[in-house]
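What follows is model.pdb (PDB, C-alpha atoms (C1' of nucleotides)).
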```pdb
ATOM      1  CA  MET A 680     424.908  56.002 186.509
ATOM      2  CA  ALA A 681     426.043  53.013 188.275
ATOM      3  CA  ASN A 682     429.190  53.928 189.960
ATOM      4  CA  GLN A 683     429.429  51.259 192.558
ATOM      5  CA  ARG A 684     432.441  51.644 194.718
ATOM      6  CA  THR A 685     432.735  48.324 196.483
ATOM      7  CA  PRO A 686     436.326  48.662 197.740
ATOM      8  CA  PRO A 687     437.005  49.234 201.394
ATOM      9  CA  PRO A 688     435.209  52.316 202.647
ATOM     10  CA  ARG A 689     437.790  52.391 205.340
ATOM     11  CA  ASP A 690     440.619  50.093 205.983
ATOM     12  CA  TYR A 691     440.829  50.409 209.723
ATOM     13  CA  LEU A 692     438.618  49.188 212.495
ATOM     14  CA  GLY A 693     436.937  51.751 214.662
ATOM     15  CA  GLU A 694     437.470  51.721 218.391
ATOM     16  CA  PHE A 695     434.230  50.015 219.185
ATOM     17  CA  GLU A 696     434.429  47.687 216.233
ATOM     18  CA  GLN A 697     437.576  46.240 217.728
ATOM     19  CA  LEU A 698     435.895  45.569 221.045
ATOM     20  CA  VAL A 699     432.930  43.882 219.443
ATOM     21  CA  LEU A 700     435.051  41.789 217.137
ATOM     22  CA  LEU A 701     437.242  40.693 220.006
ATOM     23  CA  ALA A 702     434.219  39.700 222.058
ATOM     24  CA  VAL A 703     432.951  37.619 219.155
ATOM     25  CA  VAL A 704     436.308  35.876 219.006
ATOM     26  CA  HIS A 705     436.170  34.993 222.681
ATOM     27  CA  LEU A 706     432.713  33.499 222.342
ATOM     28  CA  GLU A 707     433.937  31.163 219.626
ATOM     29  CA  GLY A 708     431.008  31.171 217.301
ATOM     30  CA  GLU A 709     428.461  30.738 220.039
ATOM     31  CA  GLY A 710     428.031  34.386 220.852
ATOM     32  CA  TYR A 711     424.920  36.346 219.957
ATOM     33  CA  GLY A 712     423.938  39.944 220.548
ATOM     34  CA  MET A 713     423.273  39.737 224.240
ATOM     35  CA  THR A 714     426.247  37.602 225.161
ATOM     36  CA  VAL A 715     428.586  39.717 223.068
ATOM     37  CA  ARG A 716     427.398  42.664 225.053
ATOM     38  CA  GLY A 717     427.898  40.740 228.268
ATOM     39  CA  GLU A 718     431.429  39.779 227.305
ATOM     40  CA  ILE A 719     432.387  43.388 226.708
ATOM     41  CA  GLU A 720     430.788  44.400 229.945
ATOM     42  CA  ARG A 721     432.496  41.704 231.944
ATOM     43  CA  ARG A 722     435.924  42.444 230.561
ATOM     44  CA  THR A 723     435.867  46.205 230.401
ATOM     45  CA  GLY A 724     433.114  47.388 232.659
ATOM     46  CA  ARG A 725     431.623  49.272 229.763
ATOM     47  CA  SER A 726     428.066  48.441 228.788
ATOM     48  CA  PRO A 727     427.265  49.511 225.275
ATOM     49  CA  SER A 728     423.706  50.255 224.282
ATOM     50  CA  ILE A 729     421.711  47.783 222.274
ATOM     51  CA  GLY A 730     421.768  50.015 219.261
ATOM     52  CA  ALA A 731     425.503  50.558 219.332
ATOM     53  CA  LEU A 732     426.038  46.854 219.502
ATOM     54  CA  TYR A 733     423.769  45.558 216.782
ATOM     55  CA  GLY A 734     424.614  48.428 214.492
ATOM     56  CA  THR A 735     428.271  47.574 214.751
ATOM     57  CA  LEU A 736     427.674  43.859 214.356
ATOM     58  CA  GLU A 737     425.679  44.598 211.230
ATOM     59  CA  ARG A 738     428.422  46.738 209.771
ATOM     60  CA  LEU A 739     431.040  44.165 210.599
ATOM     61  CA  GLU A 740     429.076  41.550 208.733
ATOM     62  CA  GLU A 741     428.675  43.774 205.693
ATOM     63  CA  LYS A 742     432.410  44.143 205.620
ATOM     64  CA  GLY A 743     432.835  40.421 205.834
ATOM     65  CA  LEU A 744     434.608  40.462 209.166
ATOM     66  CA  VAL A 745     432.040  38.326 210.928
ATOM     67  CA  ARG A 746     429.500  35.830 209.683
ATOM     68  CA  SER A 747     426.130  35.138 211.269
ATOM     69  CA  ARG A 748     423.666  32.279 211.393
ATOM     70  CA  THR A 749     420.223  32.221 212.880
ATOM     71  CA  GLY A 750     419.816  29.519 215.459
ATOM     72  CA  ALA A 751     416.757  27.714 216.673
ATOM     73  CA  SER A 752     415.425  29.212 219.844
ATOM     74  CA  THR A 753     416.219  27.211 222.940
ATOM     75  CA  ALA A 754     413.638  25.892 225.296
ATOM     76  CA  GLU A 755     414.260  28.631 227.780
ATOM     77  CA  ARG A 756     411.862  31.273 228.779
ATOM     78  CA  GLY A 757     412.430  33.732 225.976
ATOM     79  CA  GLY A 758     411.303  33.150 222.491
ATOM     80  CA  ARG A 759     412.999  35.007 219.698
ATOM     81  CA  ALA A 760     415.595  33.144 217.667
ATOM     82  CA  LYS A 761     419.169  34.029 218.332
ATOM     83  CA  ARG A 762     421.596  35.241 215.761
ATOM     84  CA  PHE A 763     425.002  33.740 216.360
ATOM     85  CA  PHE A 764     428.155  35.441 215.199
ATOM     86  CA  ALA A 765     431.560  34.081 214.279
ATOM     87  CA  VAL A 766     434.654  35.930 213.193
ATOM     88  CA  THR A 767     435.975  35.290 209.682
ATOM     89  CA  ALA A 768     439.598  34.895 208.627
ATOM     90  CA  SER A 769     439.424  38.382 207.211
ATOM     91  CA  GLY A 770     438.098  39.670 210.514
ATOM     92  CA  MET A 771     440.930  38.053 212.387
ATOM     93  CA  ARG A 772     443.442  39.656 210.080
ATOM     94  CA  ALA A 773     441.848  43.079 210.479
ATOM     95  CA  LEU A 774     442.094  42.632 214.214
ATOM     96  CA  GLU A 775     445.760  41.761 214.085
ATOM     97  CA  ARG A 776     446.451  44.647 211.780
ATOM     98  CA  SER A 777     444.800  47.073 214.172
ATOM     99  CA  ARG A 778     446.741  45.645 217.024
ATOM    100  CA  ARG A 779     450.063  45.988 215.276
ATOM    101  CA  LEU A 780     449.253  49.530 214.265
ATOM    102  CA  LEU A 781     448.569  50.553 217.804
ATOM    103  CA  ASP A 782     451.569  48.668 219.138
ATOM    104  CA  ALA A 783     453.763  50.507 216.676
ATOM    105  CA  MET A 784     452.489  53.787 218.025
ATOM    106  CA  TRP A 785     452.910  52.751 221.652
ATOM    107  CA  GLU A 786     456.424  51.499 221.203
ATOM    108  CA  GLY A 787     458.811  53.418 223.366
ATOM    109  CA  ILE A 788     456.216  54.885 225.680
ATOM    110  CA  PRO A 789     456.200  53.669 229.282
ATOM    111  CA  GLY A 790     452.444  53.484 229.078
ATOM    112  CA  THR A 791     450.376  51.118 231.081
ATOM    113  CA  GLY A 792     453.182  50.126 233.300
ATOM    114  CA  ASP A 793     452.805  46.397 232.985
ATOM    115  CA  ALA A 794     455.654  44.884 231.073
ATOM    116  CA  ARG A 795     453.327  42.317 229.668
TER     117      ARG A 795
ATOM    118  CA  MET B 132     435.584  68.275 246.080
ATOM    119  CA  ALA B 133     437.502  67.664 243.094
ATOM    120  CA  ASN B 134     434.818  67.573 240.567
ATOM    121  CA  GLN B 135     435.222  70.118 237.868
ATOM    122  CA  ARG B 136     435.312  68.029 234.767
ATOM    123  CA  THR B 137     432.988  68.836 231.965
ATOM    124  CA  PRO B 138     430.680  65.925 231.444
ATOM    125  CA  PRO B 139     432.549  64.109 228.703
ATOM    126  CA  PRO B 140     430.475  63.618 225.579
ATOM    127  CA  ARG B 141     432.219  60.348 225.211
ATOM    128  CA  ASP B 142     434.600  58.758 227.548
ATOM    129  CA  TYR B 143     436.642  56.794 225.086
ATOM    130  CA  LEU B 144     439.156  57.791 222.488
ATOM    131  CA  GLY B 145     438.390  57.061 218.871
ATOM    132  CA  GLU B 146     440.752  54.956 216.800
ATOM    133  CA  PHE B 147     442.411  57.852 215.074
ATOM    134  CA  GLU B 148     442.418  60.013 218.171
ATOM    135  CA  GLN B 149     444.625  57.456 219.818
ATOM    136  CA  LEU B 150     447.126  57.507 216.988
ATOM    137  CA  VAL B 151     447.333  61.261 216.966
ATOM    138  CA  LEU B 152     447.628  61.524 220.709
ATOM    139  CA  LEU B 153     450.356  58.912 220.756
ATOM    140  CA  ALA B 154     452.294  60.739 218.065
ATOM    141  CA  VAL B 155     452.062  63.930 220.086
ATOM    142  CA  VAL B 156     453.471  62.084 223.070
ATOM    143  CA  HIS B 157     456.436  60.846 221.068
ATOM    144  CA  LEU B 158     457.258  64.324 219.854
ATOM    145  CA  GLU B 159     457.457  65.565 223.426
ATOM    146  CA  GLY B 160     455.905  68.961 223.079
ATOM    147  CA  GLU B 161     457.844  69.855 219.986
ATOM    148  CA  GLY B 162     455.478  68.340 217.486
ATOM    149  CA  TYR B 163     453.267  70.396 215.213
ATOM    150  CA  GLY B 164     450.770  69.420 212.548
ATOM    151  CA  MET B 165     453.197  68.325 209.912
ATOM    152  CA  THR B 166     455.545  66.411 212.164
ATOM    153  CA  VAL B 167     452.680  64.692 213.950
ATOM    154  CA  ARG B 168     451.551  63.512 210.580
ATOM    155  CA  GLY B 169     455.056  62.389 209.753
ATOM    156  CA  GLU B 170     455.368  60.459 212.981
ATOM    157  CA  ILE B 171     452.201  58.522 212.272
ATOM    158  CA  GLU B 172     453.355  57.840 208.769
ATOM    159  CA  ARG B 173     456.772  56.669 209.812
ATOM    160  CA  ARG B 174     455.464  54.324 212.461
ATOM    161  CA  THR B 175     452.424  52.896 210.763
ATOM    162  CA  GLY B 176     452.764  53.523 207.082
ATOM    163  CA  ARG B 177     449.436  55.285 207.117
ATOM    164  CA  SER B 178     449.338  58.879 205.931
ATOM    165  CA  PRO B 179     446.294  60.704 207.147
ATOM    166  CA  SER B 180     444.980  63.665 205.238
ATOM    167  CA  ILE B 181     445.620  67.177 206.432
ATOM    168  CA  GLY B 182     442.007  67.624 207.319
ATOM    169  CA  ALA B 183     441.781  64.423 209.334
ATOM    170  CA  LEU B 184     444.807  65.433 211.285
ATOM    171  CA  TYR B 185     444.035  69.011 212.222
ATOM    172  CA  GLY B 186     440.408  68.238 212.817
ATOM    173  CA  THR B 187     441.349  65.608 215.330
ATOM    174  CA  LEU B 188     443.994  67.752 216.955
ATOM    175  CA  GLU B 189     441.424  70.507 217.338
ATOM    176  CA  ARG B 190     438.932  68.189 218.947
ATOM    177  CA  LEU B 191     441.556  66.757 221.246
ATOM    178  CA  GLU B 192     442.388  70.226 222.456
ATOM    179  CA  GLU B 193     438.762  71.067 223.106
ATOM    180  CA  LYS B 194     438.560  68.008 225.287
ATOM    181  CA  GLY B 195     441.644  69.083 227.163
ATOM    182  CA  LEU B 196     443.721  66.102 226.123
ATOM    183  CA  VAL B 197     446.384  68.179 224.402
ATOM    184  CA  ARG B 198     447.476  71.764 224.797
ATOM    185  CA  SER B 199     448.868  73.966 222.056
ATOM    186  CA  ARG B 200     451.090  76.993 221.807
ATOM    187  CA  THR B 201     451.915  79.045 218.763
ATOM    188  CA  GLY B 202     455.614  79.283 218.112
ATOM    189  CA  ALA B 203     457.613  81.907 216.322
ATOM    190  CA  SER B 204     458.266  80.900 212.764
ATOM    191  CA  THR B 205     461.764  79.674 212.204
ATOM    192  CA  ALA B 206     464.134  81.218 209.736
ATOM    193  CA  GLU B 207     463.627  78.431 207.295
ATOM    194  CA  ARG B 208     462.145  78.782 203.923
ATOM    195  CA  GLY B 209     458.517  78.581 204.959
ATOM    196  CA  GLY B 210     456.694  81.279 206.770
ATOM    197  CA  ARG B 211     453.596  80.517 208.715
ATOM    198  CA  ALA B 212     453.936  80.134 212.463
ATOM    199  CA  LYS B 213     453.820  76.635 213.786
ATOM    200  CA  ARG B 214     451.397  75.403 216.357
ATOM    201  CA  PHE B 215     453.068  73.043 218.781
ATOM    202  CA  PHE B 216     451.143  70.408 220.647
ATOM    203  CA  ALA B 217     451.768  68.725 223.971
ATOM    204  CA  VAL B 218     449.777  66.043 225.704
ATOM    205  CA  THR B 219     448.162  66.894 229.051
ATOM    206  CA  ALA B 220     447.968  64.707 232.123
ATOM    207  CA  SER B 221     444.367  64.081 231.298
ATOM    208  CA  GLY B 222     445.342  63.061 227.792
ATOM    209  CA  MET B 223     447.891  60.626 229.091
ATOM    210  CA  ARG B 224     445.329  59.077 231.366
ATOM    211  CA  ALA B 225     442.829  58.714 228.542
ATOM    212  CA  LEU B 226     445.488  56.981 226.536
ATOM    213  CA  GLU B 227     446.279  54.524 229.275
ATOM    214  CA  ARG B 228     442.625  53.842 229.838
ATOM    215  CA  SER B 229     442.134  53.032 226.177
ATOM    216  CA  ARG B 230     445.111  50.778 226.218
ATOM    217  CA  ARG B 231     443.932  48.852 229.246
ATOM    218  CA  LEU B 232     440.491  48.460 227.767
ATOM    219  CA  LEU B 233     441.849  46.914 224.624
ATOM    220  CA  ASP B 234     444.293  44.741 226.511
ATOM    221  CA  ALA B 235     441.451  43.389 228.592
ATOM    222  CA  MET B 236     439.651  42.396 225.431
ATOM    223  CA  TRP B 237     442.736  40.811 223.879
ATOM    224  CA  GLU B 238     443.578  38.785 226.910
ATOM    225  CA  GLY B 239     443.534  35.105 226.138
ATOM    226  CA  ILE B 240     443.673  35.461 222.387
ATOM    227  CA  PRO B 241     446.823  34.261 220.608
ATOM    228  CA  GLY B 242     446.578  37.365 218.518
ATOM    229  CA  THR B 243     449.438  39.016 216.770
ATOM    230  CA  GLY B 244     451.449  35.890 216.616
ATOM    231  CA  ASP B 245     454.622  37.315 218.037
ATOM    232  CA  ALA B 246     455.082  36.018 221.538
ATOM    233  CA  ARG B 247     456.906  39.156 222.460
TER     234      ARG B 247
ATOM    235  C1'  DT C 708     392.211  24.903 227.744
ATOM    236  C1'  DC C 709     392.631  29.520 226.555
ATOM    237  C1'  DG C 710     394.163  34.058 226.663
ATOM    238  C1'  DT C 711     397.473  37.075 228.216
ATOM    239  C1'  DA C 712     401.497  38.501 230.857
ATOM    240  C1'  DT C 713     406.415  38.092 230.736
ATOM    241  C1'  DA C 714     411.155  37.084 229.434
ATOM    242  C1'  DT C 715     414.685  36.863 225.917
ATOM    243  C1'  DG C 716     416.246  38.850 221.700
ATOM    244  C1'  DT C 717     416.481  41.592 217.558
ATOM    245  C1'  DT C 718     415.143  45.395 214.328
ATOM    246  C1'  DC C 719     414.383  50.267 213.502
ATOM    247  C1'  DT C 720     414.684  55.244 213.779
ATOM    248  C1'  DG C 721     417.054  59.478 214.815
ATOM    249  C1'  DG C 722     420.830  62.044 216.074
ATOM    250  C1'  DA C 723     425.640  63.159 217.872
ATOM    251  C1'  DT C 724     430.630  62.396 217.227
ATOM    252  C1'  DT C 725     434.464  61.090 214.593
ATOM    253  C1'  DG C 726     437.039  60.461 210.530
ATOM    254  C1'  DT C 727     438.277  61.954 205.523
ATOM    255  C1'  DA C 728     439.675  64.909 201.715
ATOM    256  C1'  DG C 729     441.506  68.682 199.740
ATOM    257  C1'  DA C 730     440.880  73.548 198.526
ATOM    258  C1'  DA C 731     441.925  78.073 200.205
ATOM    259  C1'  DC C 732     444.722  80.871 202.683
ATOM    260  C1'  DC C 733     448.789  82.972 205.374
ATOM    261  C1'  DT C 734     453.569  84.491 205.577
ATOM    262  C1'  DG C 735     458.542  84.762 205.234
ATOM    263  C1'  DC C 736     462.558  83.886 202.022
ATOM    264  C1'  DC C 737     464.527  84.079 197.109
TER     265       DC C 737
ATOM    266  C1'  DG D1008     456.127  88.025 192.377
ATOM    267  C1'  DG D1009     456.775  83.154 193.140
ATOM    268  C1'  DC D1010     457.558  79.363 196.044
ATOM    269  C1'  DA D1011     457.886  76.521 200.245
ATOM    270  C1'  DG D1012     456.245  75.288 204.750
ATOM    271  C1'  DG D1013     452.044  75.474 207.573
ATOM    272  C1'  DT D1014     447.369  75.993 209.097
ATOM    273  C1'  DT D1015     442.345  76.996 208.537
ATOM    274  C1'  DC D1016     437.957  76.056 206.364
ATOM    275  C1'  DT D1017     434.227  73.708 204.065
ATOM    276  C1'  DA D1018     431.592  69.605 203.086
ATOM    277  C1'  DC D1019     430.592  65.032 203.794
ATOM    278  C1'  DA D1020     430.849  60.115 204.953
ATOM    279  C1'  DA D1021     431.234  56.608 208.469
ATOM    280  C1'  DT D1022     430.951  55.268 213.134
ATOM    281  C1'  DC D1023     428.874  55.340 217.554
ATOM    282  C1'  DC D1024     425.042  55.865 220.725
ATOM    283  C1'  DA D1025     420.202  55.530 222.877
ATOM    284  C1'  DG D1026     416.132  53.547 223.376
ATOM    285  C1'  DA D1027     411.542  52.581 221.367
ATOM    286  C1'  DA D1028     409.180  49.150 218.783
ATOM    287  C1'  DC D1029     408.622  44.682 217.579
ATOM    288  C1'  DA D1030     408.786  39.355 217.526
ATOM    289  C1'  DT D1031     407.975  35.027 219.712
ATOM    290  C1'  DA D1032     408.215  31.196 222.940
ATOM    291  C1'  DT D1033     407.080  29.885 227.782
ATOM    292  C1'  DA D1034     404.422  30.609 232.114
ATOM    293  C1'  DC D1035     400.126  30.925 234.473
ATOM    294  C1'  DG D1036     395.561  32.029 236.264
ATOM    295  C1'  DA D1037     390.505  31.445 235.784
TER     296       DA D1037
END
```

What would the structure in this file look like if it were written as structure tokens?
Amino acid sequence: MANQRTPPPRDYLGEFEQLVLLAVVHLEGEGYGMTVRGEIERRTGRSPSIGALYGTLERLEEKGLVRSRTGASTAERGGRAKRFFAVTASGMRALERSRRLLDAMWEGIPGTGDAR
Amino acid sequence: MANQRTPPPRDYLGEFEQLVLLAVVHLEGEGYGMTVRGEIERRTGRSPSIGALYGTLERLEEKGLVRSRTGASTAERGGRAKRFFAVTASGMRALERSRRLLDAMWEGIPGTGDAR
DNA sequence: TCGTATATGTTCTGGATTGTAGAACCTGCC
DNA sequence: GGCAGGTTCTACAATCCAGAACATATACGA
């Protein structure tokens, strides 16, 4: 019985998914696994494991929130081809939706202190 | 030396944990299951299932991020005693940490569109 | 000139935590 | 007894985490 349920398994981005997606945005289509990880580390001080990262990237692509292309390996020391990621329009929307959701919940709480 | 914290299984709040915690903050110690749910619904339009809500609240309490007390049932129609939740100092800190983390990742991205 | 060590990157496997749904259950008024 | 307001329980699905295994291009010594 083919009961394929394609529709959104979940409509909201997980905590880590947001971080990864945001890092991909910053790298403007030129980010790949390792640099995405570096971006998160640089900005937050948190260094996710390899598995956490690629697993999330994979999931994000399945959901159509990022797109990936395999690039030719550069003439640097290492050899394996990189897989570059870029955020999609849908991914950007999901990000904004998550942001608004959280902002709505924060509204009225002194919070972080910076008026921003 | 002040070091009596249980080694946190995870140092970061999940997506939904943040929403729930924030709702508890808004209700200022007078919120209980049903009103916490209502607060989330009112602010975000999202209505979490009963199970999602209590499960999360339970977990949050185990981690020491919220505290709960059982109140006397009011003289309203319903009967079962309510369980009121209040955020702890530790919970508030976790919340602020999560917020800062996300802000650091958003920095430099046009984002939500509203200049605010 | 080979053959192999090494560096950069990604894929895979396994398991712990979180998130979801709703049925079942408790208890005080009517 | 029946109903309304609340919470507890059971079962699972999705997300998150760690690190081993694997792939492949350059570097280098004999």

Review point. Using only C-alpha atoms (C1' of nucleotides), which residues sit within 10 Å of segment 1018-1028 of chain D once same-chain residues fewer than 2 positions away are excluded, as a PyMOL selection string?
Key: (chain A and resi 688-689+692-696+727-732+734-735+738) or (chain B and resi 141+145) or (chain C and resi 718-728) or (chain D and resi 1016+1030)

Exercise for review: Kindly indicate which residue among B:Met236, B:Leu150, B:Ala212, B:Val197 lies nearest to Arg224 of chain B, using only C-alpha atoms for the distances.
Suggested key: B:Val197

Would you write out chain B as an mmCIF file with C-alpha atoms, in the frame of the given file, after superposing it on chain A by least squares over all in-order Cα pairs?
```cif
data_model
loop_
_atom_site.group_PDB
_atom_site.id
_atom_site.type_symbol
_atom_site.label_atom_id
_atom_site.label_comp_id
_atom_site.auth_asym_id
_atom_site.auth_seq_id
_atom_site.Cartn_x
_atom_site.Cartn_y
_atom_site.Cartn_z
ATOM 1 C CA MET B 132 441.035 41.773 188.635
ATOM 2 C CA ALA B 133 440.162 41.354 192.104
ATOM 3 C CA ASN B 134 438.555 44.600 192.798
ATOM 4 C CA GLN B 135 435.025 44.297 193.972
ATOM 5 C CA ARG B 136 435.104 46.025 197.287
ATOM 6 C CA THR B 137 432.643 48.739 197.980
ATOM 7 C CA PRO B 138 434.514 51.945 198.524
ATOM 8 C CA PRO B 139 434.771 51.905 202.297
ATOM 9 C CA PRO B 140 433.249 54.966 203.912
ATOM 10 C CA ARG B 141 435.983 54.718 206.428
ATOM 11 C CA ASP B 142 438.853 52.389 206.454
ATOM 12 C CA TYR B 143 439.404 52.152 210.159
ATOM 13 C CA LEU B 144 437.471 50.519 212.926
ATOM 14 C CA GLY B 145 436.037 52.697 215.647
ATOM 15 C CA GLU B 146 436.955 52.095 219.266
ATOM 16 C CA PHE B 147 433.808 50.240 220.142
ATOM 17 C CA GLU B 148 433.678 48.404 216.845
ATOM 18 C CA GLN B 149 436.960 46.803 217.731
ATOM 19 C CA LEU B 150 435.689 45.592 221.075
ATOM 20 C CA VAL B 151 432.572 44.109 219.583
ATOM 21 C CA LEU B 152 434.408 42.460 216.741
ATOM 22 C CA LEU B 153 436.935 40.981 219.127
ATOM 23 C CA ALA B 154 434.191 39.592 221.335
ATOM 24 C CA VAL B 155 432.594 37.978 218.307
ATOM 25 C CA VAL B 156 435.910 36.359 217.482
ATOM 26 C CA HIS B 157 436.215 34.906 220.965
ATOM 27 C CA LEU B 158 432.759 33.398 220.799
ATOM 28 C CA GLU B 159 433.675 31.551 217.623
ATOM 29 C CA GLY B 160 430.472 31.837 215.694
ATOM 30 C CA GLU B 161 428.289 30.912 218.610
ATOM 31 C CA GLY B 162 427.922 34.368 220.045
ATOM 32 C CA TYR B 163 424.719 36.364 219.852
ATOM 33 C CA GLY B 164 423.797 39.804 221.121
ATOM 34 C CA MET B 165 423.577 38.990 224.771
ATOM 35 C CA THR B 166 426.666 36.832 224.985
ATOM 36 C CA VAL B 167 428.722 39.305 222.983
ATOM 37 C CA ARG B 168 427.753 41.870 225.533
ATOM 38 C CA GLY B 169 428.660 39.499 228.323
ATOM 39 C CA GLU B 170 432.047 38.780 226.823
ATOM 40 C CA ILE B 171 432.902 42.459 226.683
ATOM 41 C CA GLU B 172 431.718 42.909 230.213
ATOM 42 C CA ARG B 173 433.664 39.982 231.547
ATOM 43 C CA ARG B 174 436.892 41.019 229.895
ATOM 44 C CA THR B 175 436.804 44.753 230.356
ATOM 45 C CA GLY B 176 434.336 45.517 233.073
ATOM 46 C CA ARG B 177 432.490 47.786 230.701
ATOM 47 C CA SER B 178 428.843 47.029 230.025
ATOM 48 C CA PRO B 179 427.616 48.618 226.856
ATOM 49 C CA SER B 180 423.961 49.391 226.425
ATOM 50 C CA ILE B 181 421.754 47.194 224.311
ATOM 51 C CA GLY B 182 421.430 49.874 221.713
ATOM 52 C CA ALA B 183 425.159 50.488 221.430
ATOM 53 C CA LEU B 184 425.729 46.824 220.947
ATOM 54 C CA TYR B 185 423.161 45.922 218.327
ATOM 55 C CA GLY B 186 423.694 49.142 216.469
ATOM 56 C CA THR B 187 427.354 48.368 216.117
ATOM 57 C CA LEU B 188 426.759 44.753 215.217
ATOM 58 C CA GLU B 189 424.363 45.895 212.515
ATOM 59 C CA ARG B 190 426.867 48.314 211.083
ATOM 60 C CA LEU B 191 429.613 45.732 211.186
ATOM 61 C CA GLU B 192 427.473 43.376 209.171
ATOM 62 C CA GLU B 193 426.692 46.013 206.579
ATOM 63 C CA LYS B 194 430.394 46.499 206.120
ATOM 64 C CA GLY B 195 430.877 42.788 205.694
ATOM 65 C CA LEU B 196 433.048 42.382 208.761
ATOM 66 C CA VAL B 197 430.705 39.937 210.464
ATOM 67 C CA ARG B 198 428.060 37.598 209.148
ATOM 68 C CA SER B 199 424.911 36.570 210.972
ATOM 69 C CA ARG B 200 422.518 33.666 210.929
ATOM 70 C CA THR B 201 419.264 33.289 212.779
ATOM 71 C CA GLY B 202 419.154 30.212 214.944
ATOM 72 C CA ALA B 203 416.239 28.178 216.149
ATOM 73 C CA SER B 204 415.237 29.197 219.621
ATOM 74 C CA THR B 205 416.373 26.776 222.247
ATOM 75 C CA ALA B 206 414.036 25.031 224.611
ATOM 76 C CA GLU B 207 414.982 27.293 227.435
ATOM 77 C CA ARG B 208 412.694 29.632 229.163
ATOM 78 C CA GLY B 209 412.989 32.500 226.720
ATOM 79 C CA GLY B 210 411.500 32.515 223.305
ATOM 80 C CA ARG B 211 412.816 34.802 220.659
ATOM 81 C CA ALA B 212 415.198 33.338 218.111
ATOM 82 C CA LYS B 213 418.814 34.201 218.539
ATOM 83 C CA ARG B 214 420.940 35.847 215.937
ATOM 84 C CA PHE B 215 424.414 34.374 215.887
ATOM 85 C CA PHE B 216 427.387 36.321 214.664
ATOM 86 C CA ALA B 217 430.658 35.210 213.134
ATOM 87 C CA VAL B 218 433.592 37.277 212.002
ATOM 88 C CA THR B 219 434.496 37.223 208.298
ATOM 89 C CA ALA B 220 437.953 37.088 206.786
ATOM 90 C CA SER B 221 437.601 40.728 205.966
ATOM 91 C CA GLY B 222 436.676 41.453 209.558
ATOM 92 C CA MET B 223 439.710 39.633 210.822
ATOM 93 C CA ARG B 224 441.923 41.613 208.516
ATOM 94 C CA ALA B 225 440.405 44.897 209.643
ATOM 95 C CA LEU B 226 441.084 43.884 213.194
ATOM 96 C CA GLU B 227 444.703 43.102 212.524
ATOM 97 C CA ARG B 228 445.141 46.325 210.638
ATOM 98 C CA SER B 229 443.782 48.307 213.558
ATOM 99 C CA ARG B 230 446.037 46.488 215.914
ATOM 100 C CA ARG B 231 449.136 47.135 213.853
ATOM 101 C CA LEU B 232 448.256 50.780 213.511
ATOM 102 C CA LEU B 233 448.010 51.230 217.233
ATOM 103 C CA ASP B 234 451.130 49.206 217.884
ATOM 104 C CA ALA B 235 453.042 51.429 215.508
ATOM 105 C CA MET B 236 451.950 54.440 217.498
ATOM 106 C CA TRP B 237 452.801 52.847 220.841
ATOM 107 C CA GLU B 238 456.225 51.769 219.786
ATOM 108 C CA GLY B 239 458.871 53.360 221.933
ATOM 109 C CA ILE B 240 456.567 54.418 224.724
ATOM 110 C CA PRO B 241 456.982 52.713 228.108
ATOM 111 C CA GLY B 242 453.238 52.569 228.265
ATOM 112 C CA THR B 243 451.259 50.110 230.265
ATOM 113 C CA GLY B 244 454.021 49.505 232.683
ATOM 114 C CA ASP B 245 453.977 45.752 232.499
ATOM 115 C CA ALA B 246 457.002 44.588 230.589
ATOM 116 C CA ARG B 247 455.101 41.585 229.410
#
```

Exercise for review: Evaluate the PyMOL selection byres ((chain D) within 6 of (chain A)) here and jot the selected residues down as a list in words.
Suggested key: DC1024, DT1031, DA1032 and DT1033 of chain D

Review point. Which residues fall under the PyMOL selection byres ((chain A) within 10 of (chain B)) in this file, as a count of residues only?
Key: 44

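Of note, atom CA of Phe216 of chain B and atom CA of Ser178 of chain B are spaced 18.8 Å apart.
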
Review point. Quick one: distance from atom CA of Lys194 of chain B to atom C1' of DT1015 of chain D in Å, one decimal?
Key: 19.4 Å

Review point. When distances are computed from all atoms listed in the file, which of B:Leu188, B:Ala217, B:Ala225, B:Leu196 shows the smallest separation from chain C?
Key: B:Leu188

Point to revise | Expected answer as a ChimeraX atom specification: chain C residues within 6 Å of chain B, only C-alpha atoms (C1' of nucleotides) | key: /C:727,734-736

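Put simply, atom CA of Thr714 of chain A is 16.7 Å away from atom CA of Leu739 of chain A.
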
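Take the PyMOL selection byres ((chain D and resi 1035) around 9) and apply it to this file: it picks C:DA712, D:DA1034, D:DG1036.
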
Within 9 Å of DT1014 of chain D using all atoms listed in the file, minus same-chain residues under 3 positions, as a PDB file with C-alpha atoms (C1' of nucleotides), in the coordinates of the input:
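result_4.pdb, written as the output of this step:
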```pdb
ATOM      1  CA  GLY B 164     450.770  69.420 212.548  1.00  0.00           C
ATOM      2  CA  TYR B 185     444.035  69.011 212.222  1.00  0.00           C
ATOM      3  CA  ARG B 211     453.596  80.517 208.715  1.00  0.00           C
ATOM      4  CA  ALA B 212     453.936  80.134 212.463  1.00  0.00           C
ATOM      5  CA  LYS B 213     453.820  76.635 213.786  1.00  0.00           C
ATOM      6  CA  ARG B 214     451.397  75.403 216.357  1.00  0.00           C
TER       7      ARG B 214
ATOM      8  C1'  DC C 732     444.722  80.871 202.683  1.00  0.00           C
ATOM      9  C1'  DC C 733     448.789  82.972 205.374  1.00  0.00           C
TER      10       DC C 733
END
```

Find the axis-aligned box for segment 692-697 of chain A, covering all its listed atoms and adding 8 Å on each side, and write its centre and edge lengths in Å to one decimal as JSON.
```
{"center_x": 436.4, "center_y": 49.0, "center_z": 215.8, "size_x": 20.4, "size_y": 21.5, "size_z": 22.7}
```
